[in-house]
Amino acid sequence: MIDIIQPGMLASVQDMGRYGHRRLGIHPGGALNTLALASANLLVGNPVDAAGLEITMGVAELRFTRATRIALGGDDIGATLDGKPIAACWSIPVRAGSILKLSLAAADSPEQAPRHSMRTYLAVAGGIDVPLVLGSRSTDLKAGFGGHQGRALKRGDRLPIGDAQAAAAAVHGPAFGVRSPRWSGLALRADEHSQHVTLRVLPAPEFDQFSKSAREALWSDTWRVTPNSNRMGYRLEGPELKRKQGRDMLSHGVVPGVIQVPPSGQPIILMGDAQTTGGYPKIGVIIGADLWKLAQAPLNATLRLEPCEMADALAAAEEQQRYLDSIRATVAALDWSRATLYKK
């Protein structure tokens, strides 16, 4: 079991999402940073879609009641295990009774907190063993089902861990780590030397309905993530994006990453828990390979949007898959090396 001593601001059980039910108005949900959860799962021997914990900029504290293996996905967030610092993207054995603390929100000032850290993902060997609901263990916070009792975690909750035998057989021995996505070429180089998070955008069907000045502002200006943002959508603040003609539109299907522009002219980027249909015009869509960077962008972060071609978007998705494949290969190689050593 995992005992929740302190869940932080918002913690919930999430996997890769609940797909195939849009016709019923059920959004996919799941981890907003799927790359972080997938990489953490691989590091502990789980399938990429095993359920883990999504922790939002909290002072979280957890206790493990049995020996297991864990990995944190996301950026370095001041985590400690039994008082000793541990880093993200490391696979770490854990003893029964060990306590994990996350201290991102404990910084004395906002400047001390990691600039790109909004969410941290905890993977545990065997996964979080909550019931499947419509094919997923993700928590639908708005509808109130899935995950742990259909809600965010609270102090005193106990989460069951799945059968870790298969996972432990694949990953054993001492701790080891891999490069984080930010140090593996998946983040645009400009992000490492800039105060902005750069996101690549494909023009959407209504792109040409916006004025020339609006289309130019989309690329040339910076956008601030307002505090009125959540798992449903990131609301941006910047120049007003005006359409050439303000005609009404019929509601139509939307997906995470779509940039809608309401009458205020201030864009909204839809996230995993967004509605399945919408009637606002779409000026663009964040490419899937960059959604993890948006999920990590904290409130009040500044964004730069960069035009992208479909070929570039597909290449970025392939690069992300190669990153996950490299983790899978690393785990397999370590397992082979250790098995050979133990035989000797």
# chains A, B, ... in the order shown; residues from 1 in each chain; ligands from 1
$ select_by_dssp --residues "segment 16-165 of chain A" --states "alpha helix (DSSP H)" --output "list in words"
Thr34, Leu35, Ala36, Leu37, Ala38, Ser39, Ala40, Asn41, Leu42, Leu43 and Gln165 of chain A
$ write_last_selection --atoms "all heavy atoms" --output "PDB file, in the first residue's frame"
ATOM      1  N   THR A  34       2.099  12.838 -20.480  1.00  0.00           N
ATOM      2  CA  THR A  34       2.174  11.397 -20.723  1.00  0.00           C
ATOM      3  C   THR A  34       3.614  10.927 -20.859  1.00  0.00           C
ATOM      4  O   THR A  34       3.935   9.781 -20.518  1.00  0.00           O
ATOM      5  CB  THR A  34       1.377  11.018 -21.978  1.00  0.00           C
ATOM      6  OG1 THR A  34       1.854  11.788 -23.089  1.00  0.00           O
ATOM      7  CG2 THR A  34      -0.108  11.278 -21.789  1.00  0.00           C
ATOM      8  N   LEU A  35       4.493  11.793 -21.336  1.00  0.00           N
ATOM      9  CA  LEU A  35       5.896  11.419 -21.486  1.00  0.00           C
ATOM     10  C   LEU A  35       6.521  11.134 -20.122  1.00  0.00           C
ATOM     11  O   LEU A  35       7.276  10.163 -19.963  1.00  0.00           O
ATOM     12  CB  LEU A  35       6.663  12.526 -22.205  1.00  0.00           C
ATOM     13  CG  LEU A  35       8.146  12.267 -22.470  1.00  0.00           C
ATOM     14  CD1 LEU A  35       8.327  11.059 -23.373  1.00  0.00           C
ATOM     15  CD2 LEU A  35       8.802  13.504 -23.081  1.00  0.00           C
ATOM     16  N   ALA A  36       6.203  11.959 -19.138  1.00  0.00           N
ATOM     17  CA  ALA A  36       6.761  11.774 -17.799  1.00  0.00           C
ATOM     18  C   ALA A  36       6.278  10.474 -17.174  1.00  0.00           C
ATOM     19  O   ALA A  36       7.061   9.717 -16.587  1.00  0.00           O
ATOM     20  CB  ALA A  36       6.398  12.961 -16.908  1.00  0.00           C
ATOM     21  N   LEU A  37       4.977  10.195 -17.273  1.00  0.00           N
ATOM     22  CA  LEU A  37       4.443   8.966 -16.687  1.00  0.00           C
ATOM     23  C   LEU A  37       4.965   7.744 -17.423  1.00  0.00           C
ATOM     24  O   LEU A  37       5.327   6.739 -16.802  1.00  0.00           O
ATOM     25  CB  LEU A  37       2.913   8.988 -16.704  1.00  0.00           C
ATOM     26  CG  LEU A  37       2.236   7.746 -16.114  1.00  0.00           C
ATOM     27  CD1 LEU A  37       2.665   7.510 -14.671  1.00  0.00           C
ATOM     28  CD2 LEU A  37       0.714   7.858 -16.215  1.00  0.00           C
ATOM     29  N   ALA A  38       5.019   7.807 -18.752  1.00  0.00           N
ATOM     30  CA  ALA A  38       5.497   6.656 -19.529  1.00  0.00           C
ATOM     31  C   ALA A  38       6.942   6.331 -19.187  1.00  0.00           C
ATOM     32  O   ALA A  38       7.300   5.158 -18.987  1.00  0.00           O
ATOM     33  CB  ALA A  38       5.356   6.939 -21.022  1.00  0.00           C
ATOM     34  N   SER A  39       7.793   7.346 -19.107  1.00  0.00           N
ATOM     35  CA  SER A  39       9.209   7.102 -18.813  1.00  0.00           C
ATOM     36  C   SER A  39       9.386   6.559 -17.400  1.00  0.00           C
ATOM     37  O   SER A  39      10.185   5.635 -17.165  1.00  0.00           O
ATOM     38  CB  SER A  39      10.022   8.380 -19.012  1.00  0.00           C
ATOM     39  OG  SER A  39       9.548   9.434 -18.198  1.00  0.00           O
ATOM     40  N   ALA A  40       8.628   7.100 -16.431  1.00  0.00           N
ATOM     41  CA  ALA A  40       8.720   6.608 -15.061  1.00  0.00           C
ATOM     42  C   ALA A  40       8.268   5.157 -14.977  1.00  0.00           C
ATOM     43  O   ALA A  40       8.876   4.333 -14.282  1.00  0.00           O
ATOM     44  CB  ALA A  40       7.893   7.491 -14.132  1.00  0.00           C
ATOM     45  N   ASN A  41       7.203   4.814 -15.697  1.00  0.00           N
ATOM     46  CA  ASN A  41       6.725   3.429 -15.697  1.00  0.00           C
ATOM     47  C   ASN A  41       7.777   2.475 -16.252  1.00  0.00           C
ATOM     48  O   ASN A  41       8.020   1.394 -15.702  1.00  0.00           O
ATOM     49  CB  ASN A  41       5.437   3.319 -16.511  1.00  0.00           C
ATOM     50  CG  ASN A  41       4.188   3.550 -15.679  1.00  0.00           C
ATOM     51  OD1 ASN A  41       4.129   3.165 -14.507  1.00  0.00           O
ATOM     52  ND2 ASN A  41       3.183   4.165 -16.263  1.00  0.00           N
ATOM     53  N   LEU A  42       8.415   2.859 -17.341  1.00  0.00           N
ATOM     54  CA  LEU A  42       9.433   1.992 -17.930  1.00  0.00           C
ATOM     55  C   LEU A  42      10.587   1.766 -16.958  1.00  0.00           C
ATOM     56  O   LEU A  42      11.159   0.669 -16.900  1.00  0.00           O
ATOM     57  CB  LEU A  42       9.952   2.604 -19.233  1.00  0.00           C
ATOM     58  CG  LEU A  42       8.979   2.617 -20.415  1.00  0.00           C
ATOM     59  CD1 LEU A  42       9.580   3.366 -21.589  1.00  0.00           C
ATOM     60  CD2 LEU A  42       8.612   1.195 -20.834  1.00  0.00           C
ATOM     61  N   LEU A  43      10.926   2.792 -16.187  1.00  0.00           N
ATOM     62  CA  LEU A  43      12.059   2.697 -15.266  1.00  0.00           C
ATOM     63  C   LEU A  43      11.807   1.717 -14.117  1.00  0.00           C
ATOM     64  O   LEU A  43      12.756   1.256 -13.479  1.00  0.00           O
ATOM     65  CB  LEU A  43      12.401   4.077 -14.712  1.00  0.00           C
ATOM     66  CG  LEU A  43      13.127   5.012 -15.679  1.00  0.00           C
ATOM     67  CD1 LEU A  43      13.184   6.432 -15.124  1.00  0.00           C
ATOM     68  CD2 LEU A  43      14.544   4.500 -15.965  1.00  0.00           C
ATOM     69  N   GLN A 165       5.561  -8.498  -8.891  1.00  0.00           N
ATOM     70  CA  GLN A 165       6.493  -9.590  -9.165  1.00  0.00           C
ATOM     71  C   GLN A 165       7.064  -9.507 -10.576  1.00  0.00           C
ATOM     72  O   GLN A 165       8.271  -9.611 -10.776  1.00  0.00           O
ATOM     73  CB  GLN A 165       5.810 -10.934  -8.953  1.00  0.00           C
ATOM     74  CG  GLN A 165       6.757 -12.128  -9.114  1.00  0.00           C
ATOM     75  CD  GLN A 165       6.089 -13.437  -8.759  1.00  0.00           C
ATOM     76  OE1 GLN A 165       4.922 -13.462  -8.381  1.00  0.00           O
ATOM     77  NE2 GLN A 165       6.821 -14.533  -8.870  1.00  0.00           N
TER      78      GLN A 165
END
$ select_by_dssp --residues "segment 56-235 of chain A" --states "strand (DSSP E or B)" --output "NGL selection string"
:A and (56 or 61-64 or 68-73 or 79-81 or 84-86 or 90-94 or 99-101 or 119-124 or 128 or 133 or 136 or 140 or 145 or 158-159 or 161 or 176-177 or 196-203 or 210 or 223-225 or 233-235)
$ residues_around --residues "Gln245 of chain A" --least-positions-apart "5" --cutoff "9 Å" --atoms "only C-alpha atoms" --output "PyMOL selection string"
chain A and resi 209-211
$ write_last_selection --atoms "N, CA and C atoms" --output "compact mmCIF listing (two decimals), in the first residue's frame"
# COMPACT_ATOMS: atom_id res chain seq x y z
N GLN A 209 -9.57 32.66 -40.86
CA GLN A 209 -10.68 33.55 -40.51
C GLN A 209 -10.24 34.70 -39.61
N PHE A 210 -9.02 34.61 -39.07
CA PHE A 210 -8.52 35.67 -38.20
C PHE A 210 -7.81 36.74 -39.02
N SER A 211 -7.80 37.95 -38.50
CA SER A 211 -7.18 39.06 -39.21
C SER A 211 -5.67 38.82 -39.36
$ residues_around --residues "Ala295 of chain A" --least-positions-apart "3" --cutoff "6 Å" --atoms "only C-alpha atoms" --output "list in words"
Leu32, Asn33 and Trp292 of chain A
$ residues_around --residues "Leu291 of chain A" --least-positions-apart "2" --cutoff "10 Å" --atoms "only C-alpha atoms" --output "mmCIF file with N, CA and C atoms, in the first residue's frame"
data_model
loop_
_atom_site.group_PDB
_atom_site.id
_atom_site.type_symbol
_atom_site.label_atom_id
_atom_site.label_comp_id
_atom_site.auth_asym_id
_atom_site.auth_seq_id
_atom_site.Cartn_x
_atom_site.Cartn_y
_atom_site.Cartn_z
ATOM 1 N N LEU A 32 -1.548 14.507 -17.842
ATOM 2 C CA LEU A 32 -1.340 15.607 -18.784
ATOM 3 C C LEU A 32 0.049 15.526 -19.406
ATOM 4 N N ASN A 33 1.027 15.061 -18.639
ATOM 5 C CA ASN A 33 2.371 14.849 -19.167
ATOM 6 C C ASN A 33 2.558 13.347 -19.354
ATOM 7 N N THR A 34 2.099 12.838 -20.480
ATOM 8 C CA THR A 34 2.174 11.397 -20.723
ATOM 9 C C THR A 34 3.614 10.927 -20.859
ATOM 10 N N LEU A 35 4.493 11.793 -21.336
ATOM 11 C CA LEU A 35 5.896 11.419 -21.486
ATOM 12 C C LEU A 35 6.521 11.134 -20.122
ATOM 13 N N LEU A 199 6.381 26.372 -27.847
ATOM 14 C CA LEU A 199 5.489 25.299 -28.272
ATOM 15 C C LEU A 199 5.259 25.388 -29.776
ATOM 16 N N ARG A 200 5.336 24.253 -30.442
ATOM 17 C CA ARG A 200 5.099 24.220 -31.884
ATOM 18 C C ARG A 200 3.611 24.029 -32.179
ATOM 19 N N PRO A 256 -7.381 17.591 -27.051
ATOM 20 C CA PRO A 256 -6.342 18.298 -26.304
ATOM 21 C C PRO A 256 -5.298 18.915 -27.236
ATOM 22 N N GLY A 257 -4.892 20.124 -26.911
ATOM 23 C CA GLY A 257 -3.925 20.844 -27.728
ATOM 24 C C GLY A 257 -4.548 21.897 -28.617
ATOM 25 N N MET A 271 -6.850 21.097 -22.585
ATOM 26 C CA MET A 271 -6.017 20.081 -21.965
ATOM 27 C C MET A 271 -6.790 18.756 -21.882
ATOM 28 N N GLY A 272 -6.245 17.785 -21.177
ATOM 29 C CA GLY A 272 -6.791 16.436 -21.185
ATOM 30 C C GLY A 272 -8.219 16.320 -20.702
ATOM 31 N N ILE A 286 -1.551 22.737 -30.597
ATOM 32 C CA ILE A 286 -0.223 22.378 -30.136
ATOM 33 C C ILE A 286 0.080 20.950 -30.583
ATOM 34 N N ILE A 287 1.243 20.706 -31.148
ATOM 35 C CA ILE A 287 1.546 19.353 -31.602
ATOM 36 C C ILE A 287 1.641 18.418 -30.393
ATOM 37 N N GLY A 288 1.273 17.152 -30.607
ATOM 38 C CA GLY A 288 1.241 16.195 -29.510
ATOM 39 C C GLY A 288 2.567 16.053 -28.799
ATOM 40 N N ALA A 289 3.674 16.156 -29.530
ATOM 41 C CA ALA A 289 4.993 15.973 -28.929
ATOM 42 C C ALA A 289 5.386 17.107 -28.002
ATOM 43 N N LYS A 293 5.449 19.669 -22.462
ATOM 44 C CA LYS A 293 6.060 20.932 -22.018
ATOM 45 C C LYS A 293 4.998 21.888 -21.501
ATOM 46 N N LEU A 294 3.830 21.883 -22.170
ATOM 47 C CA LEU A 294 2.741 22.740 -21.708
ATOM 48 C C LEU A 294 2.233 22.265 -20.345
ATOM 49 N N ALA A 295 2.142 20.953 -20.153
ATOM 50 C CA ALA A 295 1.672 20.414 -18.880
ATOM 51 C C ALA A 295 2.597 20.793 -17.733
ATOM 52 N N GLN A 296 3.884 21.006 -18.027
ATOM 53 C CA GLN A 296 4.848 21.371 -16.987
ATOM 54 C C GLN A 296 4.934 22.877 -16.765
ATOM 55 N N ALA A 297 4.358 23.667 -17.671
ATOM 56 C CA ALA A 297 4.459 25.129 -17.552
ATOM 57 C C ALA A 297 3.653 25.612 -16.353
#
